[in-house]
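What follows is a single structure, written as structure tokens, with notes after it.
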Amino acid sequence: MGNCFETARKSTAEIAPSELIKGSPVIKLYGPPNSIATSYIRFALLHKPVSLQFIPSETHETPVLIFQSEVVTGSVETMLRYLEGKFPDPPLTISTSNSVGGWYGGTTPMVVWVVVLQHRSLMWHLERLVRWAEDLTARGGKARGDPAMGSPRMEVRKFGRNYSQLLEMLLEHAQMEEKVVFPILESADRGLSKVANEEHARDLPLMNGIKEDIKSIGVLDSGSSVYQEFLSNLSLRLKTLKDHCKEHFKEEEKELLPLMEAVELSKLQQEKVMQQSLDVMRETHSHLFRFFMEGLQPLDAMQYLDMIKRYCDNVRVSLMLHMIVDAPH
């Protein structure tokens with residue numbers, strides 16, 4: 001989703017899936033600033049090719065959209081339909097033309113879709129860091145990239161912060177699967193998740209090793225032969241991690257997750273599983289939420305938010321939304 005979060009110049013490696021969405025039509029939005037409905041519409045408008053003028057207003061009980069001579073009021077669904085009609089690209093709601101299809105149907109447990117969307121965000125961030133590391137290696141500390149990145153040492157620190165955020169999400173995602181998803185499958189057929197658990201353990205030393213590599217690069221003299229060697233090794237290790245995760249996610253989505261439907265969880269059990277998964281991934285859904293959502297396409301981001309709204313209390317949803325809509329754009 002990272003299209004509309006930042007307007008400053010960024011390196012190619014930092015461009016999010018819908019980053020290129022730009023536009024000039026002006027939409028005014030009035031509404032209570034602490035209303036979930038208002039924040040939800042602001043979130044949706046981040047993905048549309050418009051310039052938003054948000055006017056906080058406690059005199060309006062519900063959000064009000066104004067575009068040219070048209071005034072739109074009513075439910076969130078009404079406003080989304082209006083926005084989709086006026087600005088169809090990128091789409092934010094599922095239709096027959098952009099439905100997921102396959103085994104993601106109404107009978108599939110919601111937690112499966114949560115896992116798949118998390119895979120997509122994690123892969124986008126991994127691929128971005130691989131490109132960024134390749135760019136750092138090509139420059140070897142002898143040439144600066146985007147001026148916004150600062151000096152080579154400043155850029156490495158920014159790279160390290162990004163990787164630390166990704167590492168935290170990867171670890172929480174793995175914990176969620178191991179504590180919530182895999183036990184459900186194991187209770188139905190012991191041994192189903194054995195390989196997946198082993199792959200989690202396999203990659204942990206690699207992930208921690210990358211973090212240590214970044215720390216080492218941060219204190220080396222940029223441009224030295226040792227510095228260039230460490231950058232090259234970092235790039236290779238990141239690519240290995242990306243390839244491992246890509247294959248692991250593919251196997252889970254093809255062979256493991258479809259079996260969740262056969263478990264036949266009741267509605268109450270599905271709700272409990274969703275609550276458990278969100279509780280395990282508390283950091284991803286708090287201070288890392290904006291970072292996580294940057295890795296999703298607009299439609300995926302809206303679908304993920306809809307699931308969060310369905311299973312989280314209003315206070316938590318409001319906090320997550322404000323982390324995004326109130327951030328500098």
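To be explicit about the labels: the chains of the structure tokens are called A, B, and onward in the order shown, and within each one the residues are counted from 1, while ligands get numbers from 1 in the order they are shown.
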Find the spatial neighbours of range 136-149 of chain A, counting only C-alpha atoms, within a cut-off of 9 Å - ignore same-chain residues fewer than 5 positions away - and output them as a list in words.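 My reading of the contact set: Ala8, Arg9, Lys10, Ser11, Arg131, Met154, Glu155, Val156, Lys158, Asp221, Ser222, Gly223, Ser224, Ser225, Tyr227, Gln228, Glu229, Phe230, Leu231, Ser232, Leu234 and Ser235 of chain A.
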Restrict the calculation to only C-alpha atoms, then for each residue of range 179-231 of chain A with any atom at most 12 Å from an atom of range 271-286 of chain A give the closest atom pair and their distance in Å to one decimal, rows by chain and rising residue number, as a Markdown table.
```
| residue | atom | partner | partner_atom | distance |
| --- | --- | --- | --- | --- |
| A:Lys179 | CA | A:Val280 | CA | 8.1 |
| A:Val180 | CA | A:Ser277 | CA | 6.3 |
| A:Val181 | CA | A:Val273 | CA | 8.0 |
| A:Phe182 | CA | A:Val273 | CA | 11.4 |
| A:Pro183 | CA | A:Val273 | CA | 10.8 |
| A:Ile184 | CA | A:Val273 | CA | 9.3 |
```
Which polymer residues have any atom within 12 Å of an atom of range 107-109 of chain A, counting only C-alpha atoms, with same-chain residues fewer than 2 positions away left out, as an NGL selection string? :A and (101-105 or 111-116 or 181 or 184 or 257-274 or 307)
Who sits within 10 Å of Phe67 in chain A, only C-alpha atoms, same chain under 4 positions skipped, as a VMD selection string: chain A and resid 25 to 29 71 to 72 83 86
Residue list (helix (DSSP H, G or I), DSSP) for range 25-233 of chain A, as a ChimeraX atom specification: /A:36-45,76-86,110-139,147-149,152-188,194-219,225-233
Calculated over only C-alpha atoms, which of the candidates A:Leu299, A:Leu129, A:Met110, A:Met123 has the smallest distance to Lys250 in chain A? A:Met123
I'd like the contact shell of Asp300 in chain A - 10 Å cut-off, only C-alpha atoms, skipping same-chain residues fewer than 5 positions apart - returned as a list in words. Met1, Pro91, Leu92, Thr93, Ile94, Leu117, Gln118, Arg120, Ser121, Met293, Gly295, Leu305 and Asp306 of chain A
Can you work out the spacing between CA of Tyr163 in chain A and CA of Met323 in chain A in Å, to one decimal?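 One can read the CA of Tyr163 in chain A to CA of Met323 in chain A distance as 19.9 Å.
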Leu206 in chain A environment, 9 Å, only C-alpha atoms, sequence neighbours closer than 4 positions dropped, as a ChimeraX atom specification: /A:202,210-211,237-238,240-241
With all heavy atoms retained, export the selected residues as a PDB file, in the first residue's frame.
```pdb
ATOM      1  N   ARG A 202      14.963 -23.781  10.430  1.00  0.00           N
ATOM      2  CA  ARG A 202      16.105 -23.723   9.506  1.00  0.00           C
ATOM      3  C   ARG A 202      16.518 -22.282   9.233  1.00  0.00           C
ATOM      4  O   ARG A 202      17.723 -21.958   9.157  1.00  0.00           O
ATOM      5  CB  ARG A 202      15.724 -24.404   8.191  1.00  0.00           C
ATOM      6  CG  ARG A 202      16.747 -24.270   7.073  1.00  0.00           C
ATOM      7  CD  ARG A 202      16.108 -24.530   5.714  1.00  0.00           C
ATOM      8  NE  ARG A 202      15.107 -23.515   5.389  1.00  0.00           N
ATOM      9  CZ  ARG A 202      14.269 -23.600   4.344  1.00  0.00           C
ATOM     10  NH1 ARG A 202      14.308 -24.661   3.569  1.00  0.00           N
ATOM     11  NH2 ARG A 202      13.400 -22.621   4.106  1.00  0.00           N
ATOM     12  N   ILE A 210      21.899 -12.204   9.246  1.00  0.00           N
ATOM     13  CA  ILE A 210      21.753 -10.996   8.418  1.00  0.00           C
ATOM     14  C   ILE A 210      21.757  -9.754   9.304  1.00  0.00           C
ATOM     15  O   ILE A 210      22.384  -8.736   8.973  1.00  0.00           O
ATOM     16  CB  ILE A 210      20.458 -11.079   7.584  1.00  0.00           C
ATOM     17  CG1 ILE A 210      20.600 -12.158   6.509  1.00  0.00           C
ATOM     18  CG2 ILE A 210      20.129  -9.730   6.946  1.00  0.00           C
ATOM     19  CD1 ILE A 210      19.314 -12.481   5.777  1.00  0.00           C
ATOM     20  N   LYS A 211      21.065  -9.835  10.432  1.00  0.00           N
ATOM     21  CA  LYS A 211      21.036  -8.695  11.358  1.00  0.00           C
ATOM     22  C   LYS A 211      22.433  -8.356  11.853  1.00  0.00           C
ATOM     23  O   LYS A 211      22.807  -7.163  11.934  1.00  0.00           O
ATOM     24  CB  LYS A 211      20.116  -9.022  12.538  1.00  0.00           C
ATOM     25  CG  LYS A 211      19.886  -7.857  13.484  1.00  0.00           C
ATOM     26  CD  LYS A 211      18.863  -8.212  14.545  1.00  0.00           C
ATOM     27  CE  LYS A 211      18.610  -7.027  15.456  1.00  0.00           C
ATOM     28  NZ  LYS A 211      17.564  -7.350  16.492  1.00  0.00           N
ATOM     29  N   ARG A 237      22.968 -13.376   1.214  1.00  0.00           N
ATOM     30  CA  ARG A 237      22.198 -13.995   2.299  1.00  0.00           C
ATOM     31  C   ARG A 237      20.740 -13.535   2.278  1.00  0.00           C
ATOM     32  O   ARG A 237      19.831 -14.330   2.550  1.00  0.00           O
ATOM     33  CB  ARG A 237      22.852 -13.680   3.648  1.00  0.00           C
ATOM     34  CG  ARG A 237      24.236 -14.299   3.784  1.00  0.00           C
ATOM     35  CD  ARG A 237      24.882 -13.964   5.101  1.00  0.00           C
ATOM     36  NE  ARG A 237      24.404 -14.840   6.171  1.00  0.00           N
ATOM     37  CZ  ARG A 237      24.958 -14.878   7.382  1.00  0.00           C
ATOM     38  NH1 ARG A 237      26.007 -14.107   7.666  1.00  0.00           N
ATOM     39  NH2 ARG A 237      24.490 -15.689   8.310  1.00  0.00           N
ATOM     40  N   LEU A 238      20.534 -12.285   1.944  1.00  0.00           N
ATOM     41  CA  LEU A 238      19.155 -11.794   1.832  1.00  0.00           C
ATOM     42  C   LEU A 238      18.415 -12.496   0.701  1.00  0.00           C
ATOM     43  O   LEU A 238      17.244 -12.841   0.832  1.00  0.00           O
ATOM     44  CB  LEU A 238      19.144 -10.281   1.605  1.00  0.00           C
ATOM     45  CG  LEU A 238      19.068  -9.399   2.848  1.00  0.00           C
ATOM     46  CD1 LEU A 238      19.297  -7.942   2.469  1.00  0.00           C
ATOM     47  CD2 LEU A 238      17.721  -9.557   3.547  1.00  0.00           C
ATOM     48  N   THR A 240      19.038 -15.454  -0.405  1.00  0.00           N
ATOM     49  CA  THR A 240      18.769 -16.821   0.053  1.00  0.00           C
ATOM     50  C   THR A 240      17.533 -16.855   0.939  1.00  0.00           C
ATOM     51  O   THR A 240      16.666 -17.727   0.801  1.00  0.00           O
ATOM     52  CB  THR A 240      19.978 -17.374   0.823  1.00  0.00           C
ATOM     53  OG1 THR A 240      21.111 -17.422  -0.048  1.00  0.00           O
ATOM     54  CG2 THR A 240      19.690 -18.773   1.353  1.00  0.00           C
ATOM     55  N   LEU A 241      17.432 -15.899   1.857  1.00  0.00           N
ATOM     56  CA  LEU A 241      16.266 -15.824   2.740  1.00  0.00           C
ATOM     57  C   LEU A 241      15.001 -15.595   1.927  1.00  0.00           C
ATOM     58  O   LEU A 241      13.971 -16.236   2.181  1.00  0.00           O
ATOM     59  CB  LEU A 241      16.453 -14.707   3.769  1.00  0.00           C
ATOM     60  CG  LEU A 241      15.274 -14.483   4.723  1.00  0.00           C
ATOM     61  CD1 LEU A 241      14.996 -15.740   5.547  1.00  0.00           C
ATOM     62  CD2 LEU A 241      15.543 -13.280   5.629  1.00  0.00           C
TER      63      LEU A 241
END
```
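Between CA of Pro32 in chain A and CA of Lys309 in chain A the interatomic distance comes to 18.2 Å.
The space between CA of Glu198 in chain A and CA of Lys239 in chain A spans 19.8 Å.
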Rank A:Pro205, A:His60, A:Ser193, A:Leu321 by their smallest atom-to-atom distance to Ile308 in chain A, using only C-alpha atoms, and report the top residue only.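 That would be A:Leu321, the residue with the smallest distance to Ile308 in chain A.
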